[in-house]
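**Q** input-v4.txt is reproduced below (compact mmCIF, C-alpha atoms).
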```
# COMPACT_ATOMS: atom_id res chain seq x y z
CA MET T 821 -17.33 -25.64 -24.60
CA GLU T 822 -16.72 -22.96 -27.21
CA THR T 823 -14.54 -20.01 -26.24
CA VAL T 824 -14.64 -16.86 -28.36
CA PHE T 825 -12.49 -13.74 -28.11
CA VAL T 826 -14.27 -10.58 -29.29
CA LYS T 827 -12.74 -7.16 -29.87
CA PHE T 828 -14.64 -3.92 -30.37
CA GLY T 829 -12.24 -1.80 -32.41
CA GLY T 830 -11.39 1.67 -31.16
CA SER T 831 -12.44 3.18 -34.49
CA LEU T 832 -15.84 1.53 -34.06
CA ILE T 833 -16.68 2.59 -30.51
CA THR T 834 -15.13 6.08 -30.63
CA ASP T 835 -14.72 8.90 -33.10
CA LYS T 836 -10.98 8.50 -33.65
CA THR T 837 -10.69 11.94 -35.27
CA ARG T 838 -11.76 13.73 -32.06
CA GLU T 839 -10.29 13.18 -28.63
CA ALA T 840 -12.31 11.18 -26.09
CA VAL T 841 -15.57 11.05 -28.08
CA PRO T 842 -17.38 7.73 -27.50
CA ARG T 843 -20.06 6.32 -29.80
CA LEU T 844 -22.43 5.37 -27.01
CA ASP T 845 -25.20 4.13 -29.30
CA VAL T 846 -22.83 1.71 -31.02
CA ILE T 847 -21.43 0.47 -27.71
CA ALA T 848 -24.95 -0.15 -26.37
CA ARG T 849 -26.02 -2.02 -29.51
CA LEU T 850 -22.95 -4.26 -29.47
CA ALA T 851 -23.52 -5.07 -25.80
CA GLN T 852 -27.11 -6.07 -26.57
CA GLU T 853 -25.95 -8.30 -29.44
CA VAL T 854 -23.58 -10.04 -27.03
CA ARG T 855 -26.47 -10.60 -24.63
CA ASP T 856 -28.63 -12.01 -27.44
CA ALA T 857 -25.84 -14.38 -28.47
CA LEU T 858 -25.36 -15.61 -24.90
CA ASP T 859 -29.10 -16.25 -24.63
CA ALA T 860 -28.95 -18.35 -27.82
CA LYS T 861 -25.75 -20.19 -26.78
CA PRO T 862 -25.60 -20.17 -22.96
CA ASP T 863 -22.57 -22.51 -22.85
CA MET T 864 -20.40 -20.19 -24.92
CA ARG T 865 -17.49 -18.60 -23.05
CA LEU T 866 -16.58 -15.07 -24.08
CA ILE T 867 -13.62 -12.82 -23.47
CA LEU T 868 -14.37 -9.29 -24.60
CA GLY T 869 -11.78 -6.68 -25.47
CA HIS T 870 -11.79 -3.23 -26.95
CA GLY T 871 -9.38 -0.71 -28.38
CA SER T 872 -8.75 2.62 -26.72
CA GLY T 873 -9.75 4.66 -29.74
CA SER T 874 -9.66 8.41 -29.35
CA PHE T 875 -9.27 8.07 -25.58
CA GLY T 876 -5.95 6.27 -25.14
CA HIS T 877 -4.40 6.92 -28.55
CA PHE T 878 -4.52 10.72 -28.33
CA ALA T 879 -2.95 10.70 -24.88
CA ALA T 880 -0.30 8.15 -25.87
CA ARG T 881 0.73 10.18 -28.88
CA ARG T 882 0.79 13.44 -26.92
CA TYR T 883 3.29 12.02 -24.43
CA ALA T 884 4.97 9.48 -26.78
CA VAL T 885 4.23 6.72 -24.29
CA HIS T 886 4.32 4.15 -27.11
CA ALA T 887 7.91 5.19 -27.94
CA GLY T 888 9.06 4.79 -24.33
CA LEU T 889 9.71 7.12 -21.40
CA ALA T 890 12.93 5.50 -20.18
CA GLY T 891 15.38 8.10 -18.89
CA GLN T 892 12.76 10.82 -18.51
CA ARG T 893 11.87 12.38 -15.18
CA ASP T 894 8.22 13.07 -15.91
CA TRP T 895 6.11 9.94 -16.31
CA MET T 896 2.79 11.78 -16.09
CA GLY T 897 2.08 10.64 -19.64
CA LEU T 898 1.84 7.03 -18.50
CA ALA T 899 -0.70 7.94 -15.85
CA GLN T 900 -2.72 10.14 -18.21
CA THR T 901 -2.84 7.50 -20.95
CA SER T 902 -3.82 4.78 -18.49
CA ALA T 903 -6.60 6.95 -17.09
CA ALA T 904 -7.93 7.77 -20.57
CA ALA T 905 -8.07 4.09 -21.56
CA ALA T 906 -9.81 3.23 -18.28
CA ARG T 907 -12.48 5.89 -18.83
CA LEU T 908 -13.51 4.28 -22.11
CA ASN T 909 -13.41 0.84 -20.50
CA ARG T 910 -15.86 2.02 -17.84
CA LEU T 911 -18.31 3.10 -20.55
CA VAL T 912 -18.07 -0.29 -22.26
CA ALA T 913 -18.41 -2.20 -18.99
CA ASP T 914 -21.45 -0.16 -17.96
CA ALA T 915 -23.12 -0.75 -21.33
CA CYS T 916 -22.53 -4.49 -20.99
CA LEU T 917 -23.99 -4.57 -17.50
CA GLN T 918 -26.98 -2.51 -18.64
CA ALA T 919 -27.63 -5.12 -21.35
CA GLY T 920 -27.35 -7.96 -18.86
CA VAL T 921 -23.86 -9.14 -19.86
CA PRO T 922 -21.92 -10.09 -16.69
CA ALA T 923 -18.78 -8.27 -17.78
CA ILE T 924 -15.96 -7.76 -15.30
CA SER T 925 -13.08 -5.47 -16.22
CA PHE T 926 -9.45 -6.49 -15.91
CA GLN T 927 -7.02 -3.60 -16.14
CA PRO T 928 -4.08 -4.97 -18.18
CA SER T 929 -1.54 -2.45 -16.85
CA ALA T 930 -2.10 -3.70 -13.30
CA SER T 931 -0.06 -6.81 -14.08
CA ALA T 932 1.26 -6.58 -17.65
CA ARG T 933 4.98 -6.39 -18.34
CA ARG T 934 6.53 -6.02 -21.79
CA ALA T 935 10.01 -7.08 -22.89
CA GLY T 936 11.70 -7.78 -26.19
CA GLY T 937 8.92 -6.08 -28.14
CA ARG T 938 6.16 -8.33 -26.83
CA LEU T 939 3.84 -8.81 -23.88
CA ALA T 940 5.98 -10.97 -21.59
CA ARG T 941 3.57 -11.58 -18.72
CA MET T 942 0.13 -10.70 -17.43
CA ALA T 943 -2.07 -12.19 -14.71
CA VAL T 944 -4.30 -14.86 -16.25
CA GLU T 945 -5.57 -16.70 -13.15
CA PRO T 946 -8.24 -14.08 -12.27
CA ILE T 947 -9.53 -14.24 -15.85
CA LEU T 948 -9.76 -18.04 -15.64
CA GLU T 949 -11.60 -17.70 -12.34
CA ALA T 950 -14.07 -15.27 -13.88
CA LEU T 951 -14.78 -17.66 -16.77
CA ALA T 952 -15.31 -20.52 -14.32
CA HIS T 953 -18.06 -18.51 -12.64
CA GLY T 954 -19.86 -17.62 -15.88
CA LEU T 955 -18.57 -14.07 -16.02
CA VAL T 956 -17.36 -12.28 -19.16
CA PRO T 957 -13.81 -10.91 -18.72
CA LEU T 958 -13.33 -7.50 -20.32
CA VAL T 959 -9.81 -6.37 -21.28
CA TYR T 960 -8.63 -3.43 -23.33
CA GLY T 961 -5.68 -1.71 -24.96
CA ASP T 962 -3.62 -0.15 -22.21
CA VAL T 963 -0.16 1.02 -21.13
CA ALA T 964 2.51 -1.27 -19.70
CA PHE T 965 5.93 -1.01 -18.15
CA ASP T 966 8.56 -2.10 -20.66
CA ALA T 967 11.91 -3.63 -19.68
CA ASP T 968 13.67 -2.08 -22.68
CA GLN T 969 12.16 1.36 -23.20
CA GLY T 970 10.41 2.11 -19.94
CA THR T 971 6.85 2.29 -21.24
CA ALA T 972 4.81 0.86 -24.09
CA ILE T 973 1.30 0.41 -25.36
CA ILE T 974 -0.16 -3.09 -25.36
CA SER T 975 -2.99 -3.60 -27.81
CA THR T 976 -5.98 -5.87 -27.38
CA GLU T 977 -4.38 -8.08 -30.04
CA ASP T 978 -1.26 -8.38 -27.87
CA ILE T 979 -3.45 -9.45 -24.97
CA PHE T 980 -5.43 -11.96 -27.06
CA LEU T 981 -2.20 -13.48 -28.33
CA TYR T 982 -0.85 -13.83 -24.79
CA LEU T 983 -4.10 -15.26 -23.42
CA SER T 984 -4.36 -17.79 -26.25
CA ASP T 985 -1.51 -19.84 -24.76
CA LYS T 986 -3.54 -20.32 -21.58
CA ILE T 987 -7.09 -20.08 -22.92
CA VAL T 988 -7.21 -21.33 -26.50
CA PRO T 989 -10.15 -19.72 -28.32
CA SER T 990 -12.24 -21.40 -30.97
CA ARG T 991 -12.57 -18.12 -32.82
CA VAL T 992 -11.44 -14.52 -32.58
CA LEU T 993 -13.88 -11.86 -33.79
CA MET T 994 -12.42 -8.48 -34.72
CA LEU T 995 -15.02 -5.75 -35.20
CA GLY T 996 -14.13 -2.52 -36.96
CA VAL T 997 -15.75 0.07 -39.20
CA VAL T 998 -14.84 -1.59 -42.50
CA ASP T 999 -16.37 -4.95 -43.39
CA GLY T 1000 -13.17 -6.96 -43.55
CA ILE T 1001 -9.74 -6.42 -45.09
CA TYR T 1002 -9.30 -4.91 -48.54
CA ASP T 1003 -6.46 -4.63 -51.02
CA ALA T 1004 -6.52 -0.86 -50.40
CA ASP T 1005 -8.24 1.41 -47.89
CA PRO T 1006 -11.92 1.21 -48.94
CA LEU T 1007 -12.69 4.52 -47.19
CA GLY T 1008 -10.28 6.25 -49.56
CA HIS T 1009 -10.49 3.89 -52.54
CA PRO T 1010 -14.09 2.91 -53.38
CA ASP T 1011 -12.86 0.50 -56.06
CA SER T 1012 -10.84 -1.59 -53.59
CA ARG T 1013 -11.63 -5.30 -53.33
CA ARG T 1014 -12.46 -7.24 -50.21
CA ILE T 1015 -10.20 -10.19 -49.49
CA ALA T 1016 -12.26 -13.14 -48.27
CA VAL T 1017 -9.44 -15.30 -46.87
CA ILE T 1018 -5.88 -14.56 -45.72
CA THR T 1019 -3.33 -17.22 -44.77
CA PRO T 1020 0.31 -16.96 -43.69
CA GLU T 1021 1.24 -17.85 -47.27
CA THR T 1022 -0.81 -15.02 -48.81
CA VAL T 1023 -0.44 -12.21 -46.28
CA HIS T 1024 2.70 -10.87 -47.97
CA GLN T 1025 0.66 -10.24 -51.13
CA ILE T 1026 -1.57 -7.71 -49.39
CA ARG T 1027 0.81 -5.97 -46.99
CA ALA T 1028 0.99 -2.90 -49.23
CA GLY T 1029 -2.75 -2.38 -48.86
CA LEU T 1030 -2.79 -2.84 -45.09
CA GLY T 1031 -2.09 0.72 -44.10
CA GLY T 1032 -2.85 2.57 -40.91
CA SER T 1033 -6.25 3.62 -39.65
CA HIS T 1034 -8.23 6.83 -39.90
CA GLY T 1035 -7.61 9.10 -36.94
CA ILE T 1036 -4.90 8.70 -34.32
CA ASP T 1037 -3.56 5.17 -33.86
CA VAL T 1038 -0.30 4.27 -32.08
CA THR T 1039 -0.68 0.50 -32.47
CA GLY T 1040 -0.04 0.08 -36.18
CA GLY T 1041 -3.49 0.07 -37.78
CA MET T 1042 -4.74 -2.97 -39.70
CA LEU T 1043 -1.24 -4.16 -40.58
CA GLY T 1044 -0.37 -4.24 -36.90
CA LYS T 1045 -3.50 -6.22 -36.08
CA VAL T 1046 -2.88 -8.87 -38.74
CA SER T 1047 0.83 -9.12 -37.91
CA THR T 1048 0.12 -9.56 -34.19
CA LEU T 1049 -2.52 -12.24 -34.72
CA LEU T 1050 -0.58 -14.28 -37.30
CA PRO T 1051 1.39 -16.15 -34.60
CA LEU T 1052 -1.89 -17.03 -32.89
CA ILE T 1053 -3.26 -18.92 -35.89
CA GLN T 1054 0.14 -20.47 -36.55
CA LYS T 1055 0.43 -21.82 -33.00
CA HIS T 1056 -3.21 -22.87 -32.82
CA SER T 1057 -4.01 -23.97 -36.36
CA GLY T 1058 -7.70 -24.56 -35.72
CA VAL T 1059 -8.37 -20.98 -34.64
CA VAL T 1060 -10.00 -18.64 -37.14
CA VAL T 1061 -9.78 -14.84 -36.86
CA HIS T 1062 -12.75 -13.06 -38.43
CA PHE T 1063 -12.52 -9.36 -39.35
CA PHE T 1064 -15.83 -7.63 -40.11
CA SER T 1065 -17.81 -4.46 -39.61
CA GLY T 1066 -19.58 -3.77 -36.36
CA GLU T 1067 -21.40 -0.87 -37.99
CA ILE T 1068 -23.95 -3.26 -39.46
CA PRO T 1069 -26.64 -4.15 -36.91
CA GLY T 1070 -26.82 -7.89 -36.27
CA ARG T 1071 -23.38 -8.72 -37.66
CA LEU T 1072 -21.89 -9.48 -34.27
CA ARG T 1073 -24.90 -11.60 -33.32
CA ASP T 1074 -24.59 -13.55 -36.58
CA ALA T 1075 -20.85 -14.04 -36.15
CA LEU T 1076 -21.24 -15.32 -32.59
CA ALA T 1077 -23.94 -17.71 -33.80
CA GLY T 1078 -21.36 -19.15 -36.21
CA ASP T 1079 -23.91 -19.70 -38.94
CA GLY T 1080 -21.31 -19.45 -41.71
CA LYS T 1081 -22.69 -16.36 -43.43
CA PRO T 1082 -20.02 -15.07 -45.85
CA PHE T 1083 -18.96 -11.58 -44.80
CA GLY T 1084 -15.75 -9.85 -43.84
CA THR T 1085 -12.33 -11.49 -44.00
CA VAL T 1086 -11.11 -14.69 -42.39
CA LEU T 1087 -7.50 -15.11 -41.25
CA LYS T 1088 -6.63 -18.79 -40.86
CA ALA T 1089 -3.66 -21.14 -40.93
CA ARG T 1090 -4.49 -22.66 -44.33
```
What is this structure when it is put down as structure tokens?

**A**
Amino acid sequence: METVFVKFGGSLITDKTREAVPRLDVIARLAQEVRDALDAKPDMRLILGHGSGSFGHFAARRYAVHAGLAGQRDWMGLAQTSAAAARLNRLVADACLQAGVPAISFQPSASARRAGGRLARMAVEPILEALAHGLVPLVYGDVAFDADQGTAIISTEDIFLYLSDKIVPSRVLMLGVVDGIYDADPLGHPDSRRIAVITPETVHQIRAGLGGSHGIDVTGGMLGKVSTLLPLIQKHSGVVVHFFSGEIPGRLRDALAGDGKPFGTVLKAR
């Protein structure tokens, strides 16, 4: 049985230049493409995730939650950031249900703990139970208590990496605005070139071009995403991570079908 992790990037499902502005039409279309893919491949298991976009990132930066609140008296920022991320998650969950996708949300901060700069633990058993019953677990970038600095942000990539030790995916699909990874930011450099394949041996050659993201982002932009997911493909050498644009209608459906159409960028072990 094929298991696929799918992330809707925060820059794709929100306007990251304006606080708490969702792109409801995009969210609805992506949810429908998931439904279409499940109809075509009913045995496929999916775990969906999404970034917090202009909901969680604005709040996190305002209160510096990502830098840690240890030693401070006022932890309102943790609560505000968690609430903002959850509001966007509710919109995504509702769109999935409207499209007929049996998505069930799992709030990462309810069980996640971070230590040593990484996600150290999170409840996985309920997610396994959901998969066993044909449901589609839905996770998202969220806050977490951190043993070293008090608070932190855990990205969807952090969660996927952690889950991969218990639920090994066949593929990881990463949807953003840009159609893959380029040697420079294509939104600012029209002459930039798309990189079709990245491996652990070649990633150092393109680090200079993997900058941040447009709008507010406290999780490291594209460089952070690639860096977080590198250990996943190194531990599970058969897993392929596919970065591509979710702006193009039908792209998610095609990617889930696994028909081998050449688009975006593939991150793989070799």

**Q** T:Arg938, T:Arg1090, T:Lys1081, T:Arg893: which is nearest Gly1058 of chain T, counting all atoms listed in the file?

**A**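 Looking at the shortest contact to Gly1058 of chain T, the residue is T:Arg1090.
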
**Q** Select, from T:Thr1048, T:Ser975, T:Gln1054, T:Thr834, the residue with the minimum atom-to-atom distance to Ala932 of chain T, counting only C-alpha atoms.

**A**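 Among the listed residues, T:Ser975 lies closest to Ala932 of chain T.
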
**Q** Report, in Å to a single decimal, how far apart atom CA of Asp1005 of chain T and atom CA of Asn909 of chain T are.

**A**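 Atom CA of Asn909 of chain T sits 27.9 Å away from atom CA of Asp1005 of chain T.
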
**Q** Hey, can you check how far atom CA of Leu1043 of chain T sits from atom CA of Asp1003 of chain T?

**A**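 Distance between the two atoms: 11.7 Å.
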
**Q** Can you tell me which residues surround Leu1087 of chain T at a distance of at most 10 Å, considering all atoms listed in the file, apart from same-chain residues fewer than 3 positions away, and format the answer as a list in words?

**A**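 Contacts, in chain order: Val992, Ile1001, Ile1015, Ala1016, Val1017, Ile1018, Thr1019, Pro1020, Val1023, Val1046, Leu1049, Leu1050, Ile1053, Val1059, Val1060, Val1061, His1062, Phe1063 and Arg1090 of chain T.
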
**Q** Pick the closest to Gly961 of chain T from T:Ala903, T:Ile1026, T:Leu917, T:Val824: which is it, counting only C-alpha atoms?

**A**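 Answer, going by the shortest atom-to-atom distance: T:Ala903.
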
**Q** What is the distance, in Å and to one decimal place, between atom CA of Leu844 of chain T and atom CA of Pro1010 of chain T?

**A**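 Straight-line distance from atom CA of Leu844 of chain T to atom CA of Pro1010 of chain T works out to 27.8 Å.
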
**Q** Which residues of segment 896-937 of chain T sit at most 8 Å from segment 880-886 of chain T, using all atoms listed in the file? Give each one's shortest atom pair and distance in Å (one decimal place), in chain and ascending residue order, as a Markdown table.

**A**
```
| residue | atom | partner | partner_atom | distance |
| --- | --- | --- | --- | --- |
| T:Gly897 | CA | T:Tyr883 | CA | 5.1 |
| T:Leu898 | CA | T:Val885 | CA | 6.3 |
| T:Thr901 | CA | T:Ala880 | CA | 5.6 |
```

**Q** Produce a file of the selected residues containing C-alpha atoms, as an mmCIF file, in the coordinates of the input.

**A**
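The new file selection.cif reads:
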```cif
data_model
loop_
_atom_site.group_PDB
_atom_site.id
_atom_site.type_symbol
_atom_site.label_atom_id
_atom_site.label_comp_id
_atom_site.auth_asym_id
_atom_site.auth_seq_id
_atom_site.Cartn_x
_atom_site.Cartn_y
_atom_site.Cartn_z
ATOM 1 C CA GLY T 897 2.080 10.640 -19.640
ATOM 2 C CA LEU T 898 1.840 7.030 -18.500
ATOM 3 C CA THR T 901 -2.840 7.500 -20.950
#
```

**Q** I'd like the neighbourhood of Arg1014 of chain T as a list in words, where a residue qualifies if any of its atoms comes within 9 Å (using all atoms listed in the file), though same-chain residues fewer than 4 positions away should be ignored.

**A** Asp999, Gly1000, Ile1001, Tyr1002, Asp1003, Ala1004, Pro1006, Gly1084 and Thr1085 of chain T

**Q** Of the residues T:Asp968, T:Asp835, T:Glu822, T:Asp859, which is the one nearest to Ala890 of chain T, using all atoms listed in the file?

**A** T:Asp968

**Q** Which residues are near Met994 of chain T? Cut-off 10 Å, only C-alpha atoms, ignore same chain within fewer than 5 positions. Put them as a list in words.

**A**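 Counting only C-alpha atoms, the residues come to Phe825, Val826, Lys827, Phe828, Gly829, Gly869, His870, Glu977, Gly1000, Lys1045, Val1061, His1062, Phe1063, Phe1064, Ser1065, Gly1066, Leu1072, Gly1084, Thr1085 and Val1086 of chain T.
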
**Q** So that I can see what lies close to Pro946 of chain T, please list as a list in words the residues with an atom at most 12 Å from it, counting all atoms listed in the file and leaving out residues fewer than 3 positions away in the same chain.

**A** Ile924, Ser925, Phe926, Gln927, Pro928, Ser931, Met942, Ala943, Glu949, Ala950, Leu951, Ala952, His953, Leu955, Val956, Pro957, Leu958, Val959 and Leu983 of chain T

**Q** Which residues come within 10 Å of Lys1055 of chain T, counting only C-alpha atoms, excluding same-chain residues fewer than 5 positions away, as a list of chain:residue names?

**A** T:Leu981, T:Ser984, T:Asp985, T:Leu1050, T:Ala1089

**Q** Restricting the calculation to all atoms listed in the file, which member of T:Arg838, T:Arg991, T:His877, T:Arg910 is positioned closest to Ala1075 of chain T?

**A**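 So, comparing all the options, the nearest one is T:Arg991.
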